[in-house]
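Student: Dumping the structure here so I can ask a few things about it.
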Amino acid sequence: MSDDELEKLPGDPMVPGQLDSPAPRLHDATTPGEARHDIFFAAVETTRMPMIVTDPYQDDNPIIFCNRAFEKMTGYRQAEIVGRNCRFLQGPETDREVIAQVRDAIARQEEVAVEVLNYRKNGSTFWNALFVSPVCDESGKLLFYFASQLDISRRKEAEEALHQAQKMEAVGKLTGGIAHDFNNLLQVVLGYVDLLDGRIAEEDRASRRAIEAIGMAASRGATLTQQLLAFARKQELRDRLLNLNTLIADFTPIIERNLGDGITVRRKLSDDLWNSRIDPVQAEMALLNLLSNARDAMDGAGMVTIATENVVTTADTPPATGMEAGEYVAMSVADTGGGVSEDHVARIFDPFFSTKGVGKGTGLGLSMVYGFMRQSGGGVAVENVESGGARFTLYFPRARGMVERDKVPVQRVQGGGEAILMVEDQPQVAELGQAMLEDLGYSVVHVDNAQRALDLLRGGGQFGMMFTDIVMPGMSGVALAQTVRREFPNLPILLTTGYSDRALDEDSRAFELVRKPYRRADLSQRIKNLLEGPNGIA
């Protein structure tokens, strides 16, 4: 909407009523009172707060005075301001209800204070804290309208960022709780898949196909749960020092297979890229999510650019919400699609928000990326590229040191009859856990709470290891483990959980931890390592 069109809008402030006589001129100082007016306007001229004065006795209540601060805030020169109604600062996104509120107050010759979105001369927007007051003489006769303004855009942005963070935190708590319960269910499903897999004959192909299908579906559910935990920032990050250029190079076969033949991949990788301490599996999942979104945005045909660079941010210009000033390693994915609409930018990282058709996406991919990046101490940002398409950028904090080598994959190890004290409050999970441990060659004693476990140990019970859940009614598994370590320092302890908050994560770092849903091979390897360790019985 042009300035001319805006000026023709009826009923906008500051439109005068029908006043009988004109106001005195500002600089005709023939009396002491008028001299005081001149002193007042001289002070207003030099203040840093933007201010204007309008004349309600002239047609359309035009601005008759503005100070230099008002010129600086709006980008207009005084010659472009004086003589115009202040509605020229309005634009398409200016709230008409707020304007009506100002107009009504002026009609009643009353003070009014509002916050309104205005437009500068260059077309950019700013939030304006506007205060309008009538100026009257000693007899109460209206002389002028005085308006002070203040650019509160930074405050508004901070409030919006806080609101977004609170919303994300609230939804994160909900999704984290759901993920915890879901992980217990998946533990039962995947655990019995592992048990059945070892008991079905090789020639029974139909049963094996059924077991494989159940395992694949449960594994997809486990991946979904990891995404929920990533968004909620409640997953365990197994971070290590690595270089993102190496991660991208190692991930190239999967990248090309995921994008398909119709998409060209271009790489712009910095030669002197800093290292980062991140979880490589979660980083690969985040990259894969961005690439999948890029592919869908281009309908399977176009170009994707994967780039890396070193970035130094300041507190004044953080590239993503919540990022602190510092050194970061940036990894971006840009596509040649249609870009992200302005309406979607603010919601793009919300859980279950998707621009894809029904059945084509869960709406959790980008929210998982958001949660992972915030938990990693970095951030994620989205922007539209001038040449077309969108660019998503991940910012990882810089880390110093040598890049670590990959670990050897786990293998299933059979036990030798050692006694394990298992503490688990969920009956189905406990039944499964006991069956898995016995299948691995261990003898198991199960109790459903921490106090019973302590009673058994204090009563002289002999065990080779304690295997306990973390989240239980009453005493938590971490508190139980800490008590057992004080009273029975030679007893190995293994913790497990499908969800834990940050406080529990910090306290549990002193103990071995296996996350639900765990597989039999992983569990057997963890137990073997503990039993053969310095506190084991081997």
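Following the order of the structure tokens, chains are lettered A, B, ..., residues in each are numbered from 1, and ligands are numbered from 1.
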Need to verify the contact set: Ala79 (chain A), 12 Å, only C-alpha atoms, exclusion of same-chain residues closer than 2 positions in sequence. Can you return it as a CSV table (one decimal) with C-alpha atoms, in the first residue's frame?

Tutor:
chain,number,residue,atom,x,y,z
A,63,ILE,CA,2.4,17.7,12.0
A,64,ILE,CA,3.8,21.3,12.5
A,65,PHE,CA,6.9,20.4,14.4
A,66,CYS,CA,9.2,17.4,14.7
A,67,ASN,CA,12.6,17.1,16.4
A,68,ARG,CA,15.8,15.5,15.0
A,71,GLU,CA,13.7,12.3,11.8
A,75,GLY,CA,14.3,8.1,8.1
A,76,TYR,CA,12.3,11.1,6.8
A,77,ARG,CA,13.6,14.6,6.5
A,81,ILE,CA,7.3,15.3,7.6
A,82,VAL,CA,5.9,18.8,8.4
A,83,GLY,CA,2.5,19.4,6.9
A,84,ARG,CA,1.4,15.7,6.8

Student: Per DSSP on the backbone, filter region 17-141 of chain A down to the residues in strand (DSSP E) and report them as a compact mmCIF listing (two decimals) with N, CA, C and O atoms, in the first residue's frame.

Tutor:
# COMPACT_ATOMS: atom_id res chain seq x y z
N MET A 51 9.86 13.23 19.06
CA MET A 51 8.67 13.97 19.46
C MET A 51 8.13 14.76 18.28
O MET A 51 8.88 15.22 17.42
N ILE A 52 6.79 14.93 18.28
CA ILE A 52 6.14 15.76 17.26
C ILE A 52 5.03 16.56 17.92
O ILE A 52 4.57 16.24 19.02
N VAL A 53 4.61 17.62 17.22
CA VAL A 53 3.46 18.43 17.63
C VAL A 53 2.55 18.57 16.42
O VAL A 53 3.01 18.79 15.30
N THR A 54 1.25 18.41 16.63
CA THR A 54 0.28 18.56 15.53
C THR A 54 -0.69 19.70 15.86
O THR A 54 -0.91 20.03 17.03
N ILE A 63 1.26 17.52 11.15
CA ILE A 63 2.44 17.73 11.99
C ILE A 63 3.00 19.12 11.68
O ILE A 63 3.23 19.47 10.53
N ILE A 64 3.21 19.93 12.71
CA ILE A 64 3.76 21.26 12.52
C ILE A 64 5.15 21.39 13.13
O ILE A 64 5.83 22.41 12.94
N PHE A 65 5.58 20.34 13.84
CA PHE A 65 6.91 20.36 14.44
C PHE A 65 7.37 18.92 14.66
O PHE A 65 6.59 18.06 15.09
N CYS A 66 8.62 18.64 14.36
CA CYS A 66 9.24 17.36 14.71
C CYS A 66 10.68 17.63 15.10
O CYS A 66 11.32 18.56 14.58
N VAL A 112 -3.48 9.22 25.46
CA VAL A 112 -3.53 7.81 25.06
C VAL A 112 -2.10 7.30 24.89
O VAL A 112 -1.21 8.04 24.44
N ALA A 113 -1.88 6.05 25.28
CA ALA A 113 -0.58 5.41 25.12
C ALA A 113 -0.79 4.04 24.49
O ALA A 113 -1.57 3.23 25.01
N VAL A 114 -0.12 3.79 23.38
CA VAL A 114 -0.29 2.52 22.66
C VAL A 114 1.08 2.07 22.13
O VAL A 114 2.04 2.82 22.13
N GLU A 115 1.11 0.83 21.67
CA GLU A 115 2.26 0.29 20.95
C GLU A 115 1.79 -0.09 19.56
O GLU A 115 0.87 -0.89 19.43
N VAL A 116 2.40 0.49 18.54
CA VAL A 116 1.91 0.31 17.18
C VAL A 116 3.08 0.03 16.24
O VAL A 116 4.18 0.54 16.43
N LEU A 117 2.83 -0.81 15.25
CA LEU A 117 3.86 -1.11 14.25
C LEU A 117 3.84 -0.03 13.17
O LEU A 117 2.83 0.16 12.49
N ASN A 118 4.95 0.69 13.04
CA ASN A 118 5.08 1.74 12.04
C ASN A 118 6.12 1.36 10.99
O ASN A 118 6.86 0.38 11.16
N TYR A 119 6.18 2.18 9.95
CA TYR A 119 7.11 1.93 8.84
C TYR A 119 8.05 3.11 8.64
O TYR A 119 7.62 4.26 8.66
N THR A 125 10.10 -2.02 9.20
CA THR A 125 9.13 -1.78 10.27
C THR A 125 9.84 -1.57 11.60
O THR A 125 10.97 -2.00 11.80
N PHE A 126 9.15 -0.90 12.51
CA PHE A 126 9.63 -0.76 13.88
C PHE A 126 8.44 -0.62 14.81
O PHE A 126 7.38 -0.10 14.41
N TRP A 127 8.61 -1.13 16.02
CA TRP A 127 7.54 -1.00 17.02
C TRP A 127 7.69 0.34 17.72
O TRP A 127 8.77 0.68 18.22
N ASN A 128 6.60 1.07 17.77
CA ASN A 128 6.61 2.43 18.28
C ASN A 128 5.74 2.51 19.54
O ASN A 128 4.54 2.21 19.50
N ALA A 129 6.38 2.88 20.66
CA ALA A 129 5.61 3.17 21.88
C ALA A 129 5.18 4.62 21.80
O ALA A 129 5.97 5.54 22.02
N LEU A 130 3.91 4.85 21.48
CA LEU A 130 3.38 6.18 21.18
C LEU A 130 2.57 6.70 22.37
O LEU A 130 1.70 6.01 22.89
N PHE A 131 2.89 7.94 22.76
CA PHE A 131 2.11 8.61 23.80
C PHE A 131 1.64 9.95 23.23
O PHE A 131 2.44 10.77 22.78
N VAL A 132 0.32 10.17 23.21
CA VAL A 132 -0.28 11.39 22.67
C VAL A 132 -1.02 12.11 23.79
O VAL A 132 -1.77 11.48 24.54
N SER A 133 -0.80 13.41 23.86
CA SER A 133 -1.46 14.19 24.91
C SER A 133 -1.90 15.54 24.35
O SER A 133 -1.15 16.17 23.59
N PRO A 134 -3.10 16.01 24.70
CA PRO A 134 -3.49 17.36 24.30
C PRO A 134 -2.73 18.40 25.12
O PRO A 134 -2.44 18.20 26.30
N VAL A 135 -2.38 19.50 24.47
CA VAL A 135 -1.72 20.63 25.15
C VAL A 135 -2.73 21.78 25.21
O VAL A 135 -3.21 22.24 24.17
N CYS A 136 -3.05 22.21 26.42
CA CYS A 136 -4.09 23.23 26.61
C CYS A 136 -3.50 24.47 27.30
O CYS A 136 -2.47 24.39 27.98

Student: If you run DSSP on the backbone, which residues of region 147-346 of chain A are helix (DSSP H, G or I), as a PyMOL selection string?

Tutor: chain A and resi 153-197+205-232+244-250+252-259+280-297+342-345

Student: Name all residues at most 8 Å from Gln282 (chain A) (count only C-alpha atoms; drop same-chain ones fewer than 3 positions away) and give them as a PDB file with N, CA and C atoms, in the first residue's frame.

Tutor:
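The file below, out.pdb, is the result:
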ATOM      1  N   LEU A 237      23.091 -36.937  24.811  1.00  0.00           N
ATOM      2  CA  LEU A 237      23.974 -36.644  23.690  1.00  0.00           C
ATOM      3  C   LEU A 237      25.328 -37.304  23.936  1.00  0.00           C
ATOM      4  N   ASP A 279      27.281 -34.831  19.062  1.00  0.00           N
ATOM      5  CA  ASP A 279      26.862 -36.220  18.875  1.00  0.00           C
ATOM      6  C   ASP A 279      26.773 -36.471  17.374  1.00  0.00           C
ATOM      7  N   MET A 285      21.426 -37.112  11.726  1.00  0.00           N
ATOM      8  CA  MET A 285      19.956 -37.075  11.636  1.00  0.00           C
ATOM      9  C   MET A 285      19.466 -35.666  11.323  1.00  0.00           C
ATOM     10  N   ALA A 286      20.089 -34.661  11.954  1.00  0.00           N
ATOM     11  CA  ALA A 286      19.696 -33.274  11.703  1.00  0.00           C
ATOM     12  C   ALA A 286      19.972 -32.898  10.244  1.00  0.00           C
ATOM     13  N   PHE A 372      17.849 -30.480  19.269  1.00  0.00           N
ATOM     14  CA  PHE A 372      19.223 -30.976  19.277  1.00  0.00           C
ATOM     15  C   PHE A 372      20.224 -29.828  19.291  1.00  0.00           C
TER      16      PHE A 372
END
